[in-house]
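Shown next: start21.cif, given as mmCIF, C-alpha atoms.
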```cif
data_final
#
loop_
_atom_site.label_atom_id
_atom_site.label_comp_id
_atom_site.auth_asym_id
_atom_site.auth_seq_id
_atom_site.Cartn_x
_atom_site.Cartn_y
_atom_site.Cartn_z
CA MET J 1 -2.99 19.08 9.09
CA TYR J 2 -6.28 18.05 7.55
CA GLN J 3 -4.70 16.57 4.45
CA TYR J 4 -2.78 14.08 6.59
CA LEU J 5 -5.90 13.25 8.54
CA MET J 6 -7.60 12.61 5.20
CA VAL J 7 -4.85 10.15 4.26
CA GLY J 8 -5.35 8.28 7.52
CA LEU J 9 -9.13 8.31 7.09
CA LEU J 10 -8.99 6.96 3.54
CA LEU J 11 -6.54 4.23 4.52
CA PHE J 12 -8.80 3.26 7.41
CA ILE J 13 -11.87 3.12 5.13
CA ILE J 14 -10.02 1.03 2.53
CA GLY J 15 -8.84 -1.34 5.24
CA LEU J 16 -12.31 -1.56 6.74
CA LEU J 17 -13.96 -2.31 3.40
CA GLY J 18 -11.27 -4.83 2.57
CA SER J 19 -11.60 -6.64 5.89
CA VAL J 20 -15.39 -6.83 5.47
CA PHE J 21 -15.84 -7.70 1.80
CA VAL J 22 -12.69 -9.57 0.73
CA LYS J 23 -12.72 -13.37 1.04
CA ASN J 24 -8.98 -14.07 0.97
CA VAL J 25 -7.52 -14.39 4.46
CA ILE J 26 -4.17 -12.84 3.60
CA LYS J 27 -5.86 -9.82 2.01
CA ILE J 28 -7.99 -9.45 5.14
CA LEU J 29 -4.86 -9.40 7.31
CA ILE J 30 -3.22 -6.82 5.04
CA SER J 31 -6.42 -4.73 5.20
CA ILE J 32 -6.25 -4.79 9.00
CA GLU J 33 -2.68 -3.53 8.76
CA PHE J 34 -3.91 -0.71 6.51
CA MET J 35 -6.36 0.27 9.23
CA LEU J 36 -3.54 0.31 11.77
CA LEU J 37 -1.40 2.41 9.42
CA GLY J 38 -4.20 4.94 9.02
CA ILE J 39 -4.61 5.18 12.78
CA ASN J 40 -0.87 5.63 13.24
CA ILE J 41 -0.77 8.42 10.66
CA ASN J 42 -3.52 10.18 12.58
CA PHE J 43 -1.64 9.77 15.88
CA VAL J 44 1.58 11.16 14.41
CA THR J 45 -0.28 14.01 12.72
CA PHE J 46 -1.95 15.09 15.94
CA ALA J 47 1.35 14.78 17.83
CA THR J 48 3.17 16.93 15.28
CA TYR J 49 0.57 19.66 14.96
CA CYS J 50 -0.98 19.75 18.42
CA ASP J 51 1.63 18.42 20.88
CA ASN J 52 5.11 19.78 20.26
CA ILE J 53 6.37 19.01 23.79
CA ASN J 54 5.68 15.41 24.79
CA PHE J 55 4.93 13.77 21.42
CA ASP J 56 2.65 11.21 23.03
CA GLY J 57 1.26 10.31 19.62
CA TYR J 58 4.69 9.16 18.48
CA VAL J 59 4.99 6.79 21.44
CA VAL J 60 1.49 5.40 20.97
CA ALA J 61 2.17 4.89 17.25
CA LEU J 62 5.34 3.01 18.18
CA PHE J 63 3.37 0.70 20.47
CA TYR J 64 0.76 0.16 17.77
CA ILE J 65 3.41 -0.80 15.23
CA ALA J 66 4.81 -3.44 17.60
CA ILE J 67 1.36 -4.76 18.54
CA GLY J 68 0.36 -4.81 14.86
CA ALA J 69 3.35 -6.99 14.01
CA VAL J 70 2.47 -9.32 16.89
CA GLU J 71 -1.14 -9.54 15.77
CA LEU J 72 -0.19 -10.25 12.17
CA ALA J 73 2.24 -13.01 13.10
CA VAL J 74 -0.28 -14.69 15.42
CA ALA J 75 -2.99 -14.41 12.78
CA LEU J 76 -0.75 -15.89 10.11
CA TYR J 77 0.11 -18.81 12.35
CA LEU J 78 -3.59 -19.42 13.01
CA PHE J 79 -4.21 -19.19 9.27
CA TYR J 80 -1.49 -21.76 8.73
CA LEU J 81 -3.09 -24.12 11.23
CA MET J 82 -6.52 -23.61 9.65
CA TYR J 83 -5.18 -24.11 6.16
CA THR J 84 -3.76 -27.49 7.11
CA LYS J 85 -7.30 -28.60 7.97
CA LYS J 86 -9.50 -26.75 5.48
CA GLN J 87 -7.19 -26.71 2.42
CA SER J 88 -8.52 -23.30 1.41
CA ASP J 89 -7.73 -19.63 1.94
CA ASN J 90 -11.39 -18.62 1.58
CA VAL J 91 -12.59 -17.17 4.86
CA GLU J 92 -16.14 -18.45 4.34
CA LYS J 93 -14.92 -22.01 4.87
CA TYR J 94 -13.46 -21.15 8.26
CA THR J 95 -16.59 -21.72 10.28
CA ASP J 96 -15.01 -23.44 13.28
CA LEU J 97 -11.72 -23.49 15.11
CA MET I 1 8.68 20.00 4.36
CA ILE I 2 5.44 19.14 6.14
CA ASP I 3 3.29 21.36 3.97
CA ASN I 4 5.18 20.79 0.72
CA PRO I 5 2.52 19.96 -1.90
CA ILE I 6 5.09 18.48 -4.30
CA ILE I 7 5.81 15.73 -1.78
CA PHE I 8 2.33 15.32 -0.33
CA TYR I 9 -0.05 15.06 -3.27
CA PRO I 10 1.85 12.47 -5.38
CA SER I 11 2.38 10.41 -2.23
CA PHE I 12 -1.30 10.77 -1.35
CA VAL I 13 -2.42 9.57 -4.78
CA LEU I 14 0.07 6.71 -4.89
CA ILE I 15 -0.68 5.37 -1.41
CA ILE I 16 -4.42 5.27 -2.11
CA LEU I 17 -3.85 3.79 -5.58
CA PHE I 18 -1.62 0.99 -4.29
CA ALA I 19 -3.99 0.32 -1.39
CA MET I 20 -6.79 -0.20 -3.90
CA ILE I 21 -4.56 -2.42 -6.05
CA THR I 22 -3.84 -4.50 -2.95
CA LEU I 23 -7.52 -5.21 -2.47
CA PHE I 24 -8.55 -5.70 -6.09
CA ALA I 25 -5.56 -7.52 -7.60
CA ARG I 26 -6.36 -11.09 -8.58
CA ASN I 27 -2.81 -12.27 -8.04
CA ILE I 28 -2.02 -12.37 -4.35
CA VAL I 29 1.68 -11.73 -5.00
CA TYR I 30 0.81 -8.43 -6.67
CA SER I 31 -1.33 -7.62 -3.64
CA LEU I 32 1.62 -8.23 -1.35
CA LEU I 33 3.95 -6.09 -3.47
CA SER I 34 1.41 -3.26 -3.52
CA ALA I 35 1.02 -3.57 0.25
CA ILE I 36 4.79 -3.19 0.65
CA VAL I 37 4.61 0.04 -1.38
CA VAL I 38 1.78 1.28 0.84
CA PHE I 39 3.79 0.54 3.99
CA PHE I 40 6.82 2.38 2.62
CA PHE I 41 4.66 5.39 1.75
CA GLY I 42 3.36 5.25 5.30
CA ALA I 43 6.95 5.45 6.48
CA LEU I 44 7.43 8.43 4.16
CA PHE I 45 4.46 10.18 5.76
CA PHE I 46 5.92 9.52 9.20
CA TYR I 47 9.23 11.00 8.07
CA VAL I 48 7.60 14.06 6.55
CA LEU I 49 5.63 14.62 9.74
CA GLY I 50 8.87 14.74 11.74
CA SER I 51 8.76 11.28 13.30
CA GLU I 52 11.91 9.73 11.82
CA TYR I 53 12.07 7.03 14.46
CA ASN I 54 8.59 5.75 13.65
CA ALA I 55 9.45 5.91 9.95
CA ILE I 56 12.47 3.65 10.45
CA ILE I 57 10.48 1.18 12.55
CA GLN I 58 7.64 1.19 10.04
CA ALA I 59 10.00 0.53 7.11
CA ALA I 60 11.92 -2.16 8.99
CA ILE I 61 8.94 -4.08 10.37
CA TYR I 62 6.20 -3.57 7.79
CA GLY I 63 8.42 -3.01 4.77
CA LEU I 64 10.80 -5.90 5.36
CA ALA I 65 9.88 -8.33 8.15
CA VAL I 66 6.12 -8.66 7.76
CA PRO I 67 6.19 -9.21 3.95
CA ILE I 68 8.58 -12.11 4.50
CA ILE I 69 6.16 -14.07 6.67
CA VAL I 70 3.22 -13.09 4.45
CA GLY I 71 5.22 -14.26 1.44
CA ILE I 72 5.91 -17.54 3.19
CA SER I 73 2.18 -17.93 3.75
CA ILE I 74 1.46 -17.22 0.08
CA MET I 75 4.07 -19.76 -0.92
CA PHE I 76 2.40 -22.22 1.40
CA CYS I 77 -0.91 -21.74 -0.49
CA SER I 78 0.63 -22.20 -3.94
CA PRO I 79 -0.44 -25.11 -6.23
CA TYR I 80 2.97 -26.73 -5.84
CA TYR I 81 2.31 -27.42 -2.20
CA LYS I 82 -1.21 -28.66 -2.95
CA ASN I 83 0.35 -31.66 -4.66
CA PRO I 84 -0.19 -34.61 -2.29
CA GLU I 85 3.19 -36.01 -3.20
CA VAL I 86 4.89 -33.04 -1.62
CA LYS I 87 5.13 -33.45 2.12
CA LYS I 88 4.30 -29.83 2.58
CA TYR I 89 3.54 -29.66 6.25
CA LYS I 90 6.67 -31.45 7.27
CA ILE I 91 8.65 -29.07 5.08
CA LEU I 92 6.97 -25.82 6.03
CA THR I 93 6.05 -26.22 9.67
CA PRO I 94 9.58 -25.73 11.05
CA TYR I 95 10.19 -22.76 8.77
CA ILE I 96 6.97 -20.97 9.67
CA THR I 97 7.47 -21.63 13.35
CA PHE I 98 11.04 -20.44 13.13
CA LEU I 99 10.13 -17.26 11.22
CA CYS I 100 7.23 -16.30 13.46
CA GLY I 101 9.17 -17.07 16.62
CA GLY I 102 12.24 -15.32 15.24
CA ILE I 103 10.33 -12.12 14.57
CA PHE I 104 9.07 -12.04 18.13
CA LEU I 105 12.52 -12.78 19.47
CA LEU I 106 13.96 -9.95 17.39
CA ALA I 107 11.22 -7.63 18.57
CA PHE I 108 11.94 -8.56 22.18
CA VAL I 109 15.68 -8.01 21.76
CA TYR I 110 14.92 -4.74 20.02
CA LEU I 111 12.77 -3.55 22.92
CA VAL I 112 15.46 -4.46 25.44
CA LEU I 113 18.20 -2.75 23.44
CA MET I 114 16.02 0.28 22.91
CA SER I 115 15.41 0.50 26.64
CA LEU I 116 19.17 0.40 27.25
CA ALA I 117 19.87 2.98 24.58
CA MET I 118 17.17 5.36 25.68
CA SER I 119 17.65 5.13 29.40
CA PRO I 120 19.09 8.39 30.70
CA ASP I 121 21.53 6.43 32.93
CA THR I 122 23.06 4.58 29.99
CA PHE I 123 24.24 7.57 28.02
CA HIS I 124 24.82 10.66 30.08
CA TYR I 125 25.13 12.88 27.07
CA LEU I 126 21.64 12.00 25.91
CA GLY I 127 20.26 15.08 27.58
CA ASN I 128 22.33 17.25 25.30
CA LEU I 129 21.64 15.21 22.18
CA GLN I 130 19.27 16.88 19.76
CA VAL I 131 18.59 14.89 16.62
CA ASN I 132 16.17 17.26 15.00
CA SER I 133 14.28 20.40 15.78
CA PHE I 134 11.52 18.49 17.55
CA ASP I 135 13.93 16.79 20.01
CA THR I 136 12.31 13.47 19.26
CA ILE I 137 14.69 11.21 21.19
CA TRP I 138 14.00 13.03 24.44
CA ALA I 139 10.28 12.84 23.81
CA PHE I 140 10.45 9.10 23.08
CA ALA I 141 12.51 8.37 26.18
CA LYS I 142 10.17 10.39 28.37
CA GLY I 143 7.11 8.81 26.82
CA ILE I 144 8.30 5.20 27.03
CA PHE I 145 10.06 5.25 30.40
CA VAL I 146 8.07 7.84 32.32
CA ASN I 147 4.58 8.38 30.97
CA TYR I 148 3.88 4.97 29.40
CA VAL I 149 6.25 2.68 31.24
CA TRP I 150 3.51 0.22 32.14
CA ALA I 151 2.41 -0.07 28.53
CA PHE I 152 6.03 -0.68 27.58
CA GLU I 153 6.41 -3.43 30.17
CA LEU I 154 3.11 -5.03 29.17
CA LEU I 155 4.18 -5.03 25.53
CA SER I 156 7.43 -6.76 26.44
CA LEU I 157 5.48 -9.30 28.48
CA LEU I 158 3.09 -9.83 25.54
CA LEU I 159 5.99 -10.59 23.22
CA LEU I 160 7.40 -13.05 25.73
CA ILE I 161 4.03 -14.79 26.12
CA VAL I 162 3.65 -15.10 22.36
CA ILE I 163 7.12 -16.65 22.00
CA ALA I 164 6.23 -19.19 24.70
CA GLY I 165 2.86 -19.80 23.03
CA PHE I 166 4.45 -20.54 19.68
CA SER I 167 6.83 -23.01 21.23
CA MET I 168 3.94 -24.73 23.05
CA LEU I 169 1.88 -24.92 19.86
CA LYS I 170 4.80 -26.52 18.10
CA ARG I 171 5.32 -29.01 20.92
CA ARG I 172 1.66 -30.04 20.84
CA ASP I 173 2.02 -30.53 17.06
CA ILE I 174 -1.48 -29.34 16.22
#
```

Same coordinates, now as structure tokens:
Amino acid sequence: MYQYLMVGLLLFIIGLLGSVFVKNVIKILISIEFMLLGININFVTFATYCDNINFDGYVVALFYIAIGAVELAVALYLFYLMYTKKQSDNVEKYTDL
Amino acid sequence: MIDNPIIFYPSFVLIILFAMITLFARNIVYSLLSAIVVFFFGALFFYVLGSEYNAIIQAAIYGLAVPIIVGISIMFCSPYYKNPEVKKYKILTPYITFLCGGIFLLAFVYLVLMSLAMSPDTFHYLGNLQVNSFDTIWAFAKGIFVNYVWAFELLSLLLLIVIAGFSMLKRRDI
């Protein structure tokens, strides 16, 4: 069990560091998806090892996958609108909406 | 299969390695390709843990659909489209709107179809259907339509609102 939790933790840390320190907007969005993937792995791990009847973790992971896709598409559309004005994918230039 | 070290440890090393490559690669296309590998390894972990349904959804959405719109965004940032002679926005705006709206429409249709397929009234033999040893289909149906039915309805409503929002943004021509 703990090895899968370690995978989720490492993915979450990589995503967190990437979303904080990387300047490229697309890499930031991918890093956020890594964080979601790590959380989902933890949910599925706990559901498999600790909840063999209802599998609530599977259902929550399913919702998170759908919401993650929604969030990524909305963020990419906002990035597209910002790029048309700022002409850059550097997040430091996005100081206003 | 869950505790098989031959499957786990190579996958563990590769998923972390490709996640690091995604962050540190200078070429954004290599970052996207590495991210696709990471998402597929995530689906592999879901499968190994006994959640085949989540693995399929993860591979379909994050392995196929999401990289397409991210790739479109990368293409949009390429030097070719920075040429002022190319009327980039007029070319790309309909495509990006169509792709983003299309993904939400597909997700909405998928949720509706899944609700029909998983409803106990639709298929009467579903109670006797056992896909694997964990009886995952029964657990999903009970979770989505009994325990978390409000979350399911709110998610469907969220997808609908986002589709309407995209169409309004396009109409305002921001």

Spell out the residues picked by the PyMOL selection byres ((chain I and resi 64) around 12) here, as a list in words.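 Selected by the PyMOL selection byres ((chain I and resi 64) around 12) here: Ala69 of chain J; Leu32, Leu33, Ala35, Ile36, Val37, Phe39, Phe40, Ile56, Ile57, Gln58, Ala59, Ala60, Ile61, Tyr62, Gly63, Ala65, Val66, Pro67, Ile68, Ile69, Val70, Gly71 and Ile103 of chain I.
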
With C-alpha atoms retained, could you export that selection as an mmCIF file, keeping the file's coordinate frame?
```
data_model
loop_
_atom_site.group_PDB
_atom_site.id
_atom_site.type_symbol
_atom_site.label_atom_id
_atom_site.label_comp_id
_atom_site.auth_asym_id
_atom_site.auth_seq_id
_atom_site.Cartn_x
_atom_site.Cartn_y
_atom_site.Cartn_z
ATOM 1 C CA ALA J 69 3.350 -6.990 14.010
ATOM 2 C CA LEU I 32 1.620 -8.230 -1.350
ATOM 3 C CA LEU I 33 3.950 -6.090 -3.470
ATOM 4 C CA ALA I 35 1.020 -3.570 0.250
ATOM 5 C CA ILE I 36 4.790 -3.190 0.650
ATOM 6 C CA VAL I 37 4.610 0.040 -1.380
ATOM 7 C CA PHE I 39 3.790 0.540 3.990
ATOM 8 C CA PHE I 40 6.820 2.380 2.620
ATOM 9 C CA ILE I 56 12.470 3.650 10.450
ATOM 10 C CA ILE I 57 10.480 1.180 12.550
ATOM 11 C CA GLN I 58 7.640 1.190 10.040
ATOM 12 C CA ALA I 59 10.000 0.530 7.110
ATOM 13 C CA ALA I 60 11.920 -2.160 8.990
ATOM 14 C CA ILE I 61 8.940 -4.080 10.370
ATOM 15 C CA TYR I 62 6.200 -3.570 7.790
ATOM 16 C CA GLY I 63 8.420 -3.010 4.770
ATOM 17 C CA ALA I 65 9.880 -8.330 8.150
ATOM 18 C CA VAL I 66 6.120 -8.660 7.760
ATOM 19 C CA PRO I 67 6.190 -9.210 3.950
ATOM 20 C CA ILE I 68 8.580 -12.110 4.500
ATOM 21 C CA ILE I 69 6.160 -14.070 6.670
ATOM 22 C CA VAL I 70 3.220 -13.090 4.450
ATOM 23 C CA GLY I 71 5.220 -14.260 1.440
ATOM 24 C CA ILE I 103 10.330 -12.120 14.570
#
```

Distance CA of Ile41 (chain J)-CA of Tyr47 (chain I), one decimal place? 10.6 Å

Mind working out the centre and edge lengths of an axis-aligned box for region 46-50 of chain I, all listed atoms inside, 8 Å added to each side, rounded to one decimal in Å and written as AutoDock Vina command-line options?
```
--center_x 7.4 --center_y 12.1 --center_z 9.1 --size_x 19.6 --size_y 21.2 --size_z 21.2
```

Starting from the PyMOL selection byres ((chain J) within 9 of (chain I)), expand the selection into actual residues of this file and give them as an MDAnalysis selection string. chainID J and resid 1 3:4 7 10:11 14:15 18 22 24 26:28 30:31 33:34 37:38 40:41 44:45 48:49 52:56 58:63 65:67 69:70 72:74 76:77 79:81 83:84 87:89

Can you work out the spacing between CA of Tyr94 (chain J) and CA of Phe21 (chain J) in Å, to one decimal?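 It comes out at 15.1 Å.
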
Between CA of Ser34 (chain I) and CA of Ile21 (chain I) - distance in Å to one decimal: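 Taking CA of Ile21 (chain I) and CA of Ser34 (chain I), their separation equals 6.5 Å.
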
Compile the contact shell of Ile39 (chain J) as a ChimeraX atom specification: residues with an atom at most 8 Å away, counting only C-alpha atoms, same-chain residues fewer than 4 positions apart removed. /J:8-9,12,35,43
